[in-house]
Amino acid sequence: MLFWLFAFVLLTYIYSTAYESYQLGVVVILILLPVHICYYYLITYRVLPPFFNGNYGKAIFTAIGIMIAMAVLYRLVEIFIANPYIYNYYRQRDSGFTWNKISKSWWFQLQDKGDFVNAIERSNVVVWIGITLKLFALWHERKNAVLQAELNALKGQLHPHFLFNSLNNLYALSLNNAPQAPGIILGLSNILRYVIYECAADRVSLERDVEILKDYIALEKLRYEERLDLNLNIDDNIKSWNIAPLLMLPLVENAFKHGAGETIDNPWINIELRMRNGEMLFKVSNSKPEQVVYSNGKQNGSVGLSNVQHRLKLLYPDAHSLKWFDEQDCFILEMKVQLSANNSI
């Protein structure tokens with residue numbers, strides 16, 4: 001609707017300038033605009049579907065047929081409606097006004113090659129601008145649909161990955177009848193509720209994501225008791241920002257599983273979150289055993305890390321960085337993301 005309003009204004013300006021009369025330009029465009037609209041929807045529903053289905057021959061021949069038919073219709077509307085109105089308009093203002101071609105038969109006027117070529121040109125310009133805009137909109141919609149499907153697949157991959165790791169931890173504790181098991185089950189249910197239901201949104205509150213992160217860390221600390229040296233430093237000014245869910249949790253889980261979990265003596269993990277002018281710096285460093293091999297920054301079995309890398313590229317294509325440093329006795333990972341403000345704050 002907005003496009004046709006724009007087309008009406010543009011064509012009215014062009015015709016009004018040519019006729020030196022705004023009133024005449026408006027009336028002529030109101031007469032001819034239905035032809036443009038009919039042409040547009042015929043192309044949209046008769047040409048584009050076979051084109052997108054790969055039937056290019058049918059689409060091309062249909063488009064040519066419609067173009068010729070619309071040019072004929074355009075000329076007929078001019079001959080029987082628009083031109084007589086233009087003639088009478090000028091005749092009322094100048095009794096000596098003459099227009100030779102209007103006195104000829106409609107069939108003779110229809111066969112005029114010059115006027116027919118002009119009809120093809122005039123009927124096509126606005127319509128194909130509209131078709132181009134529609135194709136761009138369709139391309140954008142399909143691109144977003146593919147992107148959303150890919151993100152959903154990545155999120156679906158992460159959910160069972162986290163669940164299996166958590167259940168494995170719970171199983172290990174249950175073998176020894178550990179008293180921490182009930183607390184872990186309660187904490188795990190809260191985290192799973194967040195992962196399964198709240199993470200369906202494109203963005204969540206950074207404060208809520210950090211809350212779940214702290215719950216997960218508390219569960220892991222129950223397993224390690226005093227054996228783990230863990231430092232957690234988080235800025236206080238996190239309430240006014242939104243973030244894509246489950247970007248930080250897999251990185252912390254990775255540090256526990258492939259760092260502290262495989263370090264026999266004195267495992268340690270440092271976690272730091274800082275906000276600076278809308279940019280979040282999230283840094284995780286952990287001890288690592290000498291026998292563990294890291295490949296391309298991806299610790300063995302780390303589905304979560306590769307998942308985060310891929311999601312960052314899709315969600316924050318020009319607003320993130322993810323770096324890792326594989327040292328002799330530790331692994332350091334830094335993630336920077338430009339976050340959006342939480343409008344509800």
# chains A, B, ... in the order shown; residues from 1 in each chain; ligands from 1
call {"tool": "select_by_dssp", "arguments": {"residues": "segment 159-271 of chain A", "states": "strand (DSSP E)", "output": "VMD selection string"}}
result
chain A and resid 204 to 205 229 to 234 241 to 243 268 to 271
call {"tool": "closest_atom_pairs", "arguments": {"of": "segment 214-265 of chain A", "to": "segment 282-290 of chain A", "cutoff": "12 Å", "atoms": "only C-alpha atoms", "output": "Markdown table"}}
result
| residue | atom | partner | partner_atom | distance |
| --- | --- | --- | --- | --- |
| A:Leu228 | CA | A:Ser287 | CA | 10.4 |
| A:Asp229 | CA | A:Asn286 | CA | 9.9 |
| A:Leu230 | CA | A:Asn286 | CA | 9.2 |
| A:Asn231 | CA | A:Ser285 | CA | 10.0 |
| A:Leu232 | CA | A:Val284 | CA | 9.5 |
| A:Asn233 | CA | A:Lys283 | CA | 9.9 |
| A:Ile234 | CA | A:Phe282 | CA | 9.1 |
| A:Asp235 | CA | A:Phe282 | CA | 10.6 |
| A:Leu247 | CA | A:Phe282 | CA | 9.9 |
| A:Met248 | CA | A:Phe282 | CA | 7.7 |
| A:Leu249 | CA | A:Val284 | CA | 10.8 |
| A:Pro250 | CA | A:Val284 | CA | 11.0 |
| A:Leu251 | CA | A:Val284 | CA | 7.4 |
| A:Val252 | CA | A:Val284 | CA | 6.9 |
| A:Glu253 | CA | A:Val284 | CA | 10.3 |
| A:Asn254 | CA | A:Asn286 | CA | 9.5 |
| A:Ala255 | CA | A:Asn286 | CA | 5.9 |
| A:Phe256 | CA | A:Asn286 | CA | 8.0 |
| A:Lys257 | CA | A:Lys288 | CA | 10.2 |
| A:His258 | CA | A:Lys288 | CA | 7.3 |
| A:Gly259 | CA | A:Lys288 | CA | 4.7 |
| A:Ala260 | CA | A:Ser287 | CA | 6.4 |
| A:Gly261 | CA | A:Lys288 | CA | 8.9 |
| A:Glu262 | CA | A:Pro289 | CA | 6.3 |
| A:Thr263 | CA | A:Pro289 | CA | 5.0 |
| A:Ile264 | CA | A:Pro289 | CA | 7.6 |
| A:Asp265 | CA | A:Pro289 | CA | 9.0 |
call {"tool": "atom_distance", "arguments": {"atom1": "atom CA of Ser205 of chain A", "atom2": "atom CA of Asn342 of chain A"}}
result
7.2 Å
call {"tool": "select_by_dssp", "arguments": {"residues": "segment 12-221 of chain A", "states": "alpha helix (DSSP H)", "output": "JSON, numbers by chain"}}
result
{"A": [12, 13, 14, 15, 16, 17, 18, 19, 22, 23, 24, 25, 26, 27, 28, 29, 30, 31, 32, 33, 34, 35, 36, 37, 38, 39, 40, 41, 42, 48, 49, 50, 51, 52, 56, 57, 58, 59, 60, 61, 62, 63, 64, 65, 66, 67, 68, 69, 70, 71, 72, 73, 74, 75, 76, 77, 83, 84, 85, 86, 87, 88, 89, 90, 91, 92, 93, 106, 107, 108, 109, 110, 113, 114, 115, 116, 117, 118, 119, 120, 121, 122, 123, 124, 125, 126, 127, 128, 129, 130, 131, 132, 133, 134, 135, 136, 137, 138, 139, 140, 141, 142, 143, 144, 145, 146, 147, 148, 149, 150, 151, 152, 153, 154, 155, 156, 157, 158, 159, 160, 161, 162, 163, 164, 165, 166, 167, 168, 169, 170, 171, 172, 173, 174, 175, 181, 182, 183, 184, 185, 186, 187, 188, 189, 190, 191, 192, 193, 194, 195, 196, 206, 207, 208, 209, 210, 211, 212, 213, 214, 215, 216, 217, 218, 219, 220, 221]}
call {"tool": "residues_around", "arguments": {"residues": "Glu279 of chain A", "least_positions_apart": "3", "cutoff": "10 Å", "atoms": "only C-alpha atoms", "output": "number ranges by chain"}}
result
A: 241, 274-276, 282, 319-320, 336-340
call {"tool": "write_last_selection", "arguments": {"atoms": "N, CA and C atoms", "output": "short mmCIF file (atom, residue, chain, number, x, y, z; two decimals), in the first residue's frame"}}
result
data_model
loop_
_atom_site.label_atom_id
_atom_site.label_comp_id
_atom_site.auth_asym_id
_atom_site.auth_seq_id
_atom_site.Cartn_x
_atom_site.Cartn_y
_atom_site.Cartn_z
N TRP A 241 21.49 -4.26 30.27
CA TRP A 241 21.95 -4.80 28.99
C TRP A 241 21.28 -6.13 28.67
N ARG A 274 33.28 -7.82 32.54
CA ARG A 274 33.38 -6.37 32.65
C ARG A 274 32.53 -5.72 31.55
N MET A 275 31.90 -4.59 31.88
CA MET A 275 31.14 -3.80 30.91
C MET A 275 31.80 -2.45 30.72
N ARG A 276 32.08 -2.09 29.45
CA ARG A 276 32.69 -0.80 29.14
C ARG A 276 32.00 -0.20 27.91
N PHE A 282 34.21 -10.83 28.55
CA PHE A 282 34.05 -12.05 29.35
C PHE A 282 35.31 -12.88 29.19
N ALA A 319 30.27 -7.30 15.64
CA ALA A 319 30.26 -6.73 16.98
C ALA A 319 30.76 -7.72 18.02
N HIS A 320 31.74 -8.52 17.65
CA HIS A 320 32.27 -9.49 18.62
C HIS A 320 33.71 -9.86 18.28
N LYS A 336 34.53 -10.76 23.55
CA LYS A 336 34.03 -9.39 23.60
C LYS A 336 32.78 -9.30 22.72
N VAL A 337 31.73 -8.72 23.25
CA VAL A 337 30.47 -8.59 22.51
C VAL A 337 29.88 -7.20 22.77
N GLN A 338 29.48 -6.53 21.70
CA GLN A 338 28.80 -5.24 21.83
C GLN A 338 27.32 -5.52 22.08
N LEU A 339 26.82 -5.20 23.27
CA LEU A 339 25.48 -5.55 23.67
C LEU A 339 24.49 -4.42 23.39
N SER A 340 23.22 -4.79 23.35
CA SER A 340 22.15 -3.81 23.19
C SER A 340 21.57 -3.45 24.55
#
call {"tool": "residues_around", "arguments": {"residues": "segment 62-69 of chain A", "least_positions_apart": "4", "cutoff": "12 Å", "atoms": "only C-alpha atoms", "output": "ChimeraX atom specification"}}
result
/A:35-36,38-51,55-58,73-76,116-117,119-125,127-128
call {"tool": "write_last_selection", "arguments": {"atoms": "N, CA and C atoms", "output": "short mmCIF file (atom, residue, chain, number, x, y, z; two decimals), in the first residue's frame"}}
result
data_model
loop_
_atom_site.label_atom_id
_atom_site.label_comp_id
_atom_site.auth_asym_id
_atom_site.auth_seq_id
_atom_site.Cartn_x
_atom_site.Cartn_y
_atom_site.Cartn_z
N VAL A 35 -4.11 -0.10 -14.16
CA VAL A 35 -3.36 -0.94 -15.10
C VAL A 35 -2.02 -1.34 -14.49
N HIS A 36 -1.32 -0.39 -13.86
CA HIS A 36 -0.05 -0.69 -13.20
C HIS A 36 -0.24 -1.73 -12.10
N CYS A 38 -2.69 -3.97 -11.75
CA CYS A 38 -3.02 -5.26 -12.36
C CYS A 38 -1.76 -5.93 -12.90
N TYR A 39 -0.93 -5.17 -13.57
CA TYR A 39 0.33 -5.67 -14.14
C TYR A 39 1.22 -6.23 -13.03
N TYR A 40 1.34 -5.48 -11.92
CA TYR A 40 2.21 -5.89 -10.81
C TYR A 40 1.77 -7.23 -10.23
N TYR A 41 0.48 -7.38 -9.98
CA TYR A 41 0.01 -8.61 -9.34
C TYR A 41 0.02 -9.80 -10.29
N LEU A 42 -0.14 -9.57 -11.57
CA LEU A 42 0.01 -10.66 -12.53
C LEU A 42 1.45 -11.18 -12.53
N ILE A 43 2.41 -10.27 -12.51
CA ILE A 43 3.82 -10.69 -12.45
C ILE A 43 4.09 -11.42 -11.13
N THR A 44 3.55 -10.89 -10.04
CA THR A 44 3.81 -11.45 -8.72
C THR A 44 3.28 -12.88 -8.59
N TYR A 45 2.06 -13.12 -9.10
CA TYR A 45 1.42 -14.42 -8.87
C TYR A 45 1.51 -15.37 -10.06
N ARG A 46 1.89 -14.87 -11.24
CA ARG A 46 1.98 -15.74 -12.42
C ARG A 46 3.41 -15.97 -12.90
N VAL A 47 4.31 -15.08 -12.55
CA VAL A 47 5.69 -15.19 -13.04
C VAL A 47 6.65 -15.63 -11.94
N LEU A 48 6.56 -14.99 -10.78
CA LEU A 48 7.52 -15.28 -9.71
C LEU A 48 7.44 -16.72 -9.18
N PRO A 49 6.24 -17.31 -8.97
CA PRO A 49 6.21 -18.69 -8.47
C PRO A 49 6.93 -19.70 -9.37
N PRO A 50 6.65 -19.74 -10.70
CA PRO A 50 7.42 -20.69 -11.52
C PRO A 50 8.90 -20.35 -11.58
N PHE A 51 9.23 -19.06 -11.49
CA PHE A 51 10.65 -18.67 -11.50
C PHE A 51 11.36 -19.23 -10.28
N ASN A 55 11.31 -23.20 -12.95
CA ASN A 55 10.73 -23.30 -14.29
C ASN A 55 10.94 -21.96 -15.00
N TYR A 56 12.19 -21.69 -15.38
CA TYR A 56 12.55 -20.38 -15.92
C TYR A 56 11.93 -20.11 -17.29
N GLY A 57 11.81 -21.15 -18.13
CA GLY A 57 11.21 -20.97 -19.45
C GLY A 57 9.78 -20.49 -19.35
N LYS A 58 9.00 -21.16 -18.50
CA LYS A 58 7.60 -20.76 -18.31
C LYS A 58 7.52 -19.34 -17.77
N LEU A 73 -3.56 -3.20 -23.03
CA LEU A 73 -4.57 -2.67 -22.11
C LEU A 73 -4.29 -1.20 -21.79
N TYR A 74 -3.02 -0.89 -21.60
CA TYR A 74 -2.63 0.49 -21.31
C TYR A 74 -3.04 1.42 -22.45
N ARG A 75 -2.81 0.96 -23.71
CA ARG A 75 -3.19 1.78 -24.87
C ARG A 75 -4.70 1.92 -24.99
N LEU A 76 -5.43 0.86 -24.71
CA LEU A 76 -6.88 0.93 -24.79
C LEU A 76 -7.45 1.90 -23.77
N PHE A 116 2.71 2.62 -28.96
CA PHE A 116 2.75 1.30 -28.33
C PHE A 116 4.05 1.11 -27.56
N VAL A 117 5.16 1.55 -28.16
CA VAL A 117 6.45 1.47 -27.47
C VAL A 117 6.44 2.32 -26.20
N ALA A 119 3.85 3.00 -24.46
CA ALA A 119 2.98 2.31 -23.49
C ALA A 119 3.76 1.21 -22.76
N ILE A 120 4.60 0.48 -23.51
CA ILE A 120 5.43 -0.55 -22.87
C ILE A 120 6.36 0.09 -21.84
N GLU A 121 6.97 1.19 -22.24
CA GLU A 121 7.91 1.88 -21.33
C GLU A 121 7.20 2.39 -20.09
N ARG A 122 6.09 3.07 -20.26
CA ARG A 122 5.40 3.69 -19.13
C ARG A 122 4.81 2.65 -18.19
N SER A 123 4.29 1.56 -18.75
CA SER A 123 3.65 0.55 -17.90
C SER A 123 4.67 -0.29 -17.14
N ASN A 124 5.92 -0.35 -17.63
CA ASN A 124 6.92 -1.21 -17.02
C ASN A 124 7.73 -0.55 -15.92
N VAL A 125 7.97 0.74 -16.03
CA VAL A 125 8.89 1.39 -15.10
C VAL A 125 8.46 1.22 -13.64
N VAL A 127 6.07 -0.70 -12.35
CA VAL A 127 5.82 -2.09 -11.97
C VAL A 127 7.11 -2.81 -11.61
N TRP A 128 8.15 -2.63 -12.42
CA TRP A 128 9.37 -3.37 -12.15
C TRP A 128 10.18 -2.79 -11.01
#
call {"tool": "closest_residue", "arguments": {"among": "A:Ala244, A:Phe331, A:His140, A:Ser105", "to": "Leu312 of chain A", "atoms": "only C-alpha atoms"}}
result
A:Ala244
call {"tool": "atom_distance", "arguments": {"atom1": "atom CA of Leu322 of chain A", "atom2": "atom CA of Pro267 of chain A"}}
result
23.8 Å
call {"tool": "residues_around", "arguments": {"residues": "segment 28-33 of chain A", "least_positions_apart": "4", "cutoff": "8 Å", "atoms": "only C-alpha atoms", "output": "number ranges by chain"}}
result
A: 8, 11-12, 15, 24, 37, 74, 77-78, 81-82, 86
call {"tool": "write_last_selection", "arguments": {"atoms": "C-alpha atoms", "output": "tab-separated table (two decimals), in the first residue's frame"}}
result
chain	number	residue	atom	x	y	z
A	8	PHE	CA	0.86	7.70	-7.26
A	11	LEU	CA	3.59	9.63	-11.42
A	12	THR	CA	1.36	12.55	-10.55
A	15	TYR	CA	2.42	13.87	-15.54
A	24	LEU	CA	-5.08	16.92	-15.01
A	37	ILE	CA	-1.55	-2.49	-10.19
A	74	TYR	CA	-2.63	0.49	-21.31
A	77	VAL	CA	-7.34	2.83	-21.52
A	78	GLU	CA	-5.52	5.78	-23.07
A	81	ILE	CA	-10.66	7.09	-21.37
A	82	ALA	CA	-7.48	9.08	-20.73
A	86	ILE	CA	-7.26	15.21	-21.82
call {"tool": "closest_residue", "arguments": {"among": "A:Trp268, A:Ile196, A:Tyr19, A:Tyr13", "to": "Glu226 of chain A", "atoms": "only C-alpha atoms"}}
result
A:Trp268
call {"tool": "residues_around", "arguments": {"residues": "Trp107 of chain A", "least_positions_apart": "2", "cutoff": "12 Å", "atoms": "only C-alpha atoms", "output": "ChimeraX atom specification"}}
result
/A:72,75-76,79-80,101-105,109-112
call {"tool": "write_last_selection", "arguments": {"atoms": "C-alpha atoms", "output": "PDB file, in the first residue's frame"}}
result
ATOM      1  CA  VAL A  72      -2.341  -3.294 -25.140  1.00  0.00           C
ATOM      2  CA  ARG A  75      -3.187   1.780 -24.873  1.00  0.00           C
ATOM      3  CA  LEU A  76      -6.882   0.926 -24.795  1.00  0.00           C
ATOM      4  CA  ILE A  79      -7.564   5.657 -26.285  1.00  0.00           C
ATOM      5  CA  PHE A  80     -11.011   5.262 -24.735  1.00  0.00           C
ATOM      6  CA  LYS A 101      -4.804  11.547 -33.589  1.00  0.00           C
ATOM      7  CA  ILE A 102      -7.888  11.510 -31.354  1.00  0.00           C
ATOM      8  CA  SER A 103     -10.089  11.954 -34.406  1.00  0.00           C
ATOM      9  CA  LYS A 104      -8.788   8.714 -35.895  1.00  0.00           C
ATOM     10  CA  SER A 105     -10.313   5.286 -35.249  1.00  0.00           C
ATOM     11  CA  GLN A 109      -4.467   4.548 -32.796  1.00  0.00           C
ATOM     12  CA  LEU A 110      -3.782   1.104 -31.311  1.00  0.00           C
ATOM     13  CA  GLN A 111      -1.506   0.203 -34.246  1.00  0.00           C
ATOM     14  CA  ASP A 112       0.654   3.297 -33.832  1.00  0.00           C
TER      15      ASP A 112
END
